[in-house]
$ cat data-v9.cif   # mmCIF, C-alpha atoms
data_work
loop_
_atom_site.label_atom_id
_atom_site.label_comp_id
_atom_site.auth_asym_id
_atom_site.auth_seq_id
_atom_site.Cartn_x
_atom_site.Cartn_y
_atom_site.Cartn_z
CA MET A 22 3.40 -20.29 5.23
CA LEU A 23 5.61 -17.31 6.04
CA ARG A 24 5.82 -16.04 2.45
CA ASP A 25 2.18 -16.76 1.54
CA PRO A 26 0.16 -15.75 4.61
CA SER A 27 -3.36 -17.11 4.97
CA PRO A 28 -5.83 -17.02 7.88
CA GLU A 29 -4.39 -20.34 9.03
CA SER A 30 -0.89 -18.88 8.89
CA PHE A 31 -1.92 -15.92 11.02
CA VAL A 32 -3.36 -18.23 13.67
CA ALA A 33 -0.31 -20.48 13.58
CA ALA A 34 2.10 -17.53 13.80
CA ALA A 35 0.20 -16.02 16.72
CA LEU A 36 0.27 -19.29 18.65
CA ILE A 37 3.96 -19.82 17.91
CA LEU A 38 4.84 -16.29 19.03
CA LEU A 39 2.80 -16.78 22.20
CA VAL A 40 5.18 -19.65 22.98
CA ALA A 41 8.44 -18.26 21.61
CA LEU A 42 8.35 -14.76 23.10
CA PRO A 43 7.59 -15.79 26.72
CA PHE A 44 10.26 -18.52 26.52
CA HIS A 45 12.68 -15.90 25.21
CA GLU A 46 12.01 -13.58 28.15
CA PHE A 47 12.06 -16.45 30.68
CA SER A 48 15.53 -17.34 29.41
CA HIS A 49 16.73 -13.79 30.08
CA ALA A 50 15.32 -14.05 33.62
CA LEU A 51 16.91 -17.45 34.24
CA ALA A 52 20.32 -16.31 33.01
CA ALA A 53 20.18 -13.20 35.20
CA TYR A 54 19.16 -15.27 38.23
CA ARG A 55 21.97 -17.76 37.66
CA LEU A 56 24.43 -14.87 37.43
CA GLY A 57 23.35 -13.42 40.76
CA ASP A 58 20.51 -10.99 40.02
CA GLY A 59 17.08 -11.83 41.43
CA THR A 60 15.22 -8.81 40.06
CA ALA A 61 13.23 -10.78 37.49
CA LYS A 62 12.38 -13.48 40.03
CA LEU A 63 11.13 -10.91 42.54
CA MET A 64 8.90 -9.45 39.82
CA GLY A 65 7.41 -12.82 38.93
CA ARG A 66 9.22 -13.18 35.61
CA LEU A 67 11.16 -16.37 36.38
CA THR A 68 8.30 -18.46 35.03
CA LEU A 69 7.15 -20.04 31.79
CA ASN A 70 3.64 -18.68 32.29
CA PRO A 71 3.01 -16.57 29.16
CA LEU A 72 0.80 -14.15 31.10
CA ALA A 73 3.81 -13.03 33.15
CA HIS A 74 5.71 -11.96 30.04
CA LEU A 75 3.17 -10.71 27.52
CA ASP A 76 2.82 -6.99 26.95
CA PRO A 77 -0.87 -6.06 26.39
CA ILE A 78 -0.26 -4.04 23.22
CA GLY A 79 2.36 -6.46 21.93
CA ALA A 80 0.02 -9.40 22.56
CA ILE A 81 -2.85 -7.73 20.69
CA LEU A 82 -0.57 -7.07 17.74
CA ILE A 83 0.52 -10.71 17.79
CA LEU A 84 -3.10 -11.79 17.52
CA VAL A 85 -4.11 -9.35 14.77
CA ALA A 86 -0.89 -8.83 12.81
CA TRP A 87 1.38 -11.73 13.89
CA PHE A 88 3.98 -9.16 14.89
CA GLY A 89 4.49 -8.04 18.45
CA TRP A 90 6.65 -8.16 21.53
CA ALA A 91 6.78 -9.27 25.13
CA LYS A 92 7.61 -7.20 28.20
CA PRO A 93 11.37 -6.68 28.52
CA THR A 94 12.84 -8.73 31.36
CA PRO A 95 14.06 -6.48 34.18
CA TYR A 96 17.51 -7.05 35.63
CA ASN A 97 20.16 -5.06 37.46
CA PRO A 98 23.46 -5.27 35.56
CA PHE A 99 25.38 -4.23 38.68
CA ASN A 100 24.26 -7.44 40.41
CA LEU A 101 25.52 -9.72 37.66
CA ARG A 102 28.72 -11.67 38.01
CA GLY A 103 31.13 -11.04 35.17
CA GLY A 104 30.42 -7.34 34.64
CA HIS A 105 29.54 -6.46 31.06
CA TYR A 106 30.19 -10.07 30.05
CA GLY A 107 27.44 -11.09 32.45
CA GLU A 108 25.11 -8.60 30.80
CA ALA A 109 26.02 -10.04 27.40
CA ILE A 110 25.23 -13.56 28.62
CA VAL A 111 21.82 -12.44 29.90
CA SER A 112 21.12 -10.71 26.59
CA ALA A 113 22.28 -13.65 24.47
CA ALA A 114 20.18 -16.10 26.49
CA GLY A 115 16.99 -14.87 24.82
CA PRO A 116 18.02 -15.40 21.19
CA LEU A 117 19.73 -18.68 22.08
CA SER A 118 16.47 -19.89 23.61
CA ASN A 119 14.83 -19.40 20.22
CA LEU A 120 17.59 -21.50 18.66
CA VAL A 121 16.81 -24.22 21.22
CA LEU A 122 13.11 -24.09 20.33
CA ALA A 123 13.92 -24.20 16.62
CA ALA A 124 16.20 -27.21 17.06
CA ALA A 125 13.60 -28.97 19.21
CA ALA A 126 10.93 -28.55 16.53
CA ALA A 127 13.35 -29.59 13.79
CA LEU A 128 13.93 -33.01 15.37
CA PRO A 129 10.40 -34.40 14.78
CA PHE A 130 10.36 -32.74 11.34
CA ARG A 131 13.54 -34.56 10.31
CA TYR A 132 12.32 -37.82 11.85
CA ILE A 133 9.04 -37.67 9.96
CA LEU A 134 10.85 -37.08 6.67
CA ALA A 135 13.46 -39.77 7.35
CA THR A 136 10.91 -42.44 8.25
CA ASP A 137 8.28 -41.38 5.71
CA MET A 138 5.78 -41.31 8.56
CA ASP A 139 2.19 -40.78 7.48
CA VAL A 140 1.23 -37.47 9.07
CA PRO A 141 -0.96 -34.64 7.79
CA PHE A 142 0.99 -32.24 5.59
CA PHE A 143 -0.27 -29.37 7.72
CA ALA A 144 1.62 -30.83 10.71
CA LEU A 145 4.87 -30.62 8.75
CA GLU A 146 4.01 -27.06 7.76
CA ILE A 147 3.48 -26.10 11.40
CA LEU A 148 6.82 -27.60 12.44
CA HIS A 149 8.55 -25.85 9.53
CA PHE A 150 6.83 -22.59 10.47
CA PHE A 151 7.79 -23.00 14.14
CA VAL A 152 11.45 -23.45 13.20
CA THR A 153 11.41 -20.51 10.77
CA ILE A 154 9.84 -18.06 13.22
CA ASN A 155 12.24 -18.99 15.99
CA VAL A 156 15.25 -18.64 13.69
CA LEU A 157 13.81 -15.28 12.62
CA LEU A 158 13.62 -14.21 16.28
CA LEU A 159 17.17 -15.46 16.84
CA VAL A 160 18.61 -13.44 13.97
CA PHE A 161 16.48 -10.33 14.51
CA ASN A 162 17.32 -10.07 18.22
CA LEU A 163 21.04 -10.44 17.54
CA ILE A 164 21.07 -7.32 15.35
CA PRO A 165 23.50 -5.03 17.24
CA LEU A 166 21.12 -2.10 17.61
CA PRO A 167 19.33 -1.06 20.83
CA PRO A 168 16.94 -2.10 22.19
CA LEU A 169 17.72 -5.52 20.70
CA ASP A 170 19.79 -8.09 22.58
CA GLY A 171 22.59 -7.95 20.04
CA SER A 172 23.56 -4.46 21.20
CA LYS A 173 24.53 -5.76 24.66
CA VAL A 174 26.54 -8.55 23.07
CA LEU A 175 28.30 -5.97 20.88
CA TYR A 176 29.24 -3.84 23.88
CA ALA A 177 30.76 -6.90 25.57
CA VAL A 178 33.01 -7.85 22.66
CA LEU A 179 34.27 -4.30 22.12
CA ASP A 180 37.20 -3.09 24.17
CA ARG A 181 36.17 -0.92 27.11
CA GLU A 182 37.25 2.38 25.56
CA THR A 183 35.40 1.75 22.30
CA ALA A 184 32.31 0.49 24.12
CA TYR A 185 32.36 3.58 26.36
CA ARG A 186 32.29 5.82 23.27
CA VAL A 187 29.90 3.77 21.15
CA ARG A 188 27.26 2.83 23.72
CA PRO A 189 25.78 6.31 24.40
CA VAL A 190 25.49 6.98 20.67
CA LEU A 191 23.86 3.65 19.86
CA ASP A 192 21.57 3.82 22.88
CA GLN A 193 20.32 7.19 21.66
CA TYR A 194 20.06 6.60 17.93
CA GLY A 195 19.86 2.80 17.65
CA PRO A 196 16.06 2.56 18.03
CA ILE A 197 15.58 5.25 15.36
CA ILE A 198 17.94 3.45 12.98
CA LEU A 199 16.15 0.16 13.63
CA LEU A 200 12.71 1.65 12.92
CA ALA A 201 14.07 3.24 9.75
CA LEU A 202 15.46 -0.09 8.58
CA ILE A 203 12.11 -1.76 9.21
CA PHE A 204 9.68 0.80 7.78
CA LEU A 205 11.52 3.26 5.50
CA PRO A 206 12.31 0.91 2.57
CA GLY A 207 8.61 0.11 2.16
CA PHE A 208 7.71 3.80 1.95
CA VAL A 209 10.36 4.66 -0.65
CA GLY A 210 10.09 1.45 -2.66
CA LEU A 211 13.56 0.11 -1.89
CA PRO A 212 14.54 -3.45 -0.94
CA SER A 213 14.51 -3.99 2.81
CA PRO A 214 18.02 -4.41 4.26
CA LEU A 215 16.53 -6.57 7.01
CA GLY A 216 14.73 -8.65 4.40
CA ILE A 217 18.02 -9.24 2.61
CA VAL A 218 19.73 -10.19 5.88
CA PHE A 219 16.94 -12.59 6.74
CA GLU A 220 17.06 -14.18 3.29
CA VAL A 221 20.83 -14.61 3.47
CA VAL A 222 20.94 -15.78 7.11
CA VAL A 223 17.53 -17.09 8.21
CA ASP A 224 16.87 -19.35 5.23
CA PRO A 225 20.24 -21.19 5.40
CA ILE A 226 19.96 -21.72 9.17
CA THR A 227 16.39 -22.97 8.80
CA SER A 228 17.37 -25.32 5.98
CA PHE A 229 20.31 -26.64 7.99
CA LEU A 230 18.14 -27.39 11.02
CA LEU A 231 15.41 -29.02 8.94
CA GLY A 232 17.80 -30.94 6.73
CA THR A 233 16.16 -29.61 3.59
#
$ encode --input "data-v9.cif" --output "structure tokens"
Amino acid sequence: MLRDPSPESFVAAALILLVALPFHEFSHALAAYRLGDGTAKLMGRLTLNPLAHLDPIGAILILVAWFGWAKPTPYNPFNLRGGHYGEAIVSAAGPLSNLVLAAAAALPFRYILATDMDVPFFALEILHFFVTINVLLLVFNLIPLPPLDGSKVLYAVLDRETAYRVRPVLDQYGPIILLALIFLPGFVGLPSPLGIVFEVVVDPITSFLLGT
């Protein structure tokens, strides 16, 4: 479904993203709250209600182009226990939530295959698609470039001196680099580095979870 999009695939992807993105942001909020920061809770973001997390423009893009985003979860890093490690935990909670969703959808997929249960093929496709999109979100968000979650994880694993030097540079130029990686290869006719990463990383993780 992901490689051969159809109208049905667009609808399925939109519905999956409308589940996966709010759950991703809720997980950020929950991690921050558990680590001592109540900012997200005070702003009504400690909820699974999709309406609390969806960005209007991002939601429209999800519906028309099956690509979009949710509102970033607010938190105050100075309130978090664990310093920059706390910030890394909050950041990692989002991608890890997508791994949880992927694993949860993989269980019925594997069971259906193992028992040869008679279900519509489209149901298997939806489960496969659900796993793939969530693994895609996991890998994409762990790319160590701002504003993605992986950048905060990177800062936490670097020693303080290196992080102090690297963070201002990445915070300034990371979004530009990320946009260039996404859009520039298509304009100049080169293979997409992100596409290569996804093929090398996303496909094996998806296959492992699905047992295929």
$ atom_distance --input "data-v9.cif" --atom1 "atom CA of A:Gly104" --atom2 "atom CA of A:Ile198"
27.2 Å
$ closest_residue --input "data-v9.cif" --among "A:Gly79, A:Asn97, A:Leu205, A:Glu108" --to "A:Ala35" --atoms "only C-alpha atoms"
A:Gly79
$ resolve_selection --input "data-v9.cif" --expression "the PyMOL selection byres ((chain A and resi 220-229) around 7)" --output "list in words"
Val152, Thr153, Val156, Leu157, Val160, Gly216, Ile217, Val218, Phe219, Leu230, Leu231, Gly232 and Thr233 of chain A
$ atom_distance --input "data-v9.cif" --atom1 "atom CA of A:Ala73" --atom2 "atom CA of A:Phe204"
29.5 Å
$ resolve_selection --input "data-v9.cif" --expression "the PyMOL selection byres ((chain A and resi 170) around 12)" --output "ChimeraX atom specification"
/A:45-46,49,93-94,108-117,158-169,171-177,195
$ closest_residue --input "data-v9.cif" --among "A:Leu51, A:Ile78, A:Gln193, A:Pro212" --to "A:Arg66" --atoms "all atoms listed in the file"
A:Leu51
$ residues_around --input "data-v9.cif" --residues "A:Leu72" --least-positions-apart "6" --cutoff "10 Å" --atoms "all atoms listed in the file" --output "PyMOL selection string"
chain A and resi 39+43+66+80+91
$ atom_distance --input "data-v9.cif" --atom1 "atom CA of A:Phe47" --atom2 "atom CA of A:Gly65"
10.1 Å
$ closest_residue --input "data-v9.cif" --among "A:Ala184, A:Ile133, A:Ile154, A:Ala201" --to "A:Leu42" --atoms "all atoms listed in the file"
A:Ile154
$ closest_residue --input "data-v9.cif" --among "A:Ala34, A:Tyr132, A:Leu56, A:Val121" --to "A:Gly89" --atoms "all atoms listed in the file"
A:Ala34
$ residues_near_point --input "data-v9.cif" --point "(12.8, -26.6, 17.7)" --cutoff "10 Å" --atoms "only C-alpha atoms" --output "list in words"
Ser118, Asn119, Leu120, Val121, Leu122, Ala123, Ala124, Ala125, Ala126, Ala127, Leu128, Pro129, Phe130, Leu148, His149, Phe151, Val152, Thr153, Asn155, Val156, Leu230 and Leu231 of chain A
$ closest_residue --input "data-v9.cif" --among "A:Thr60, A:Glu29, A:Ser213, A:Ile37" --to "A:Phe150" --atoms "only C-alpha atoms"
A:Ile37
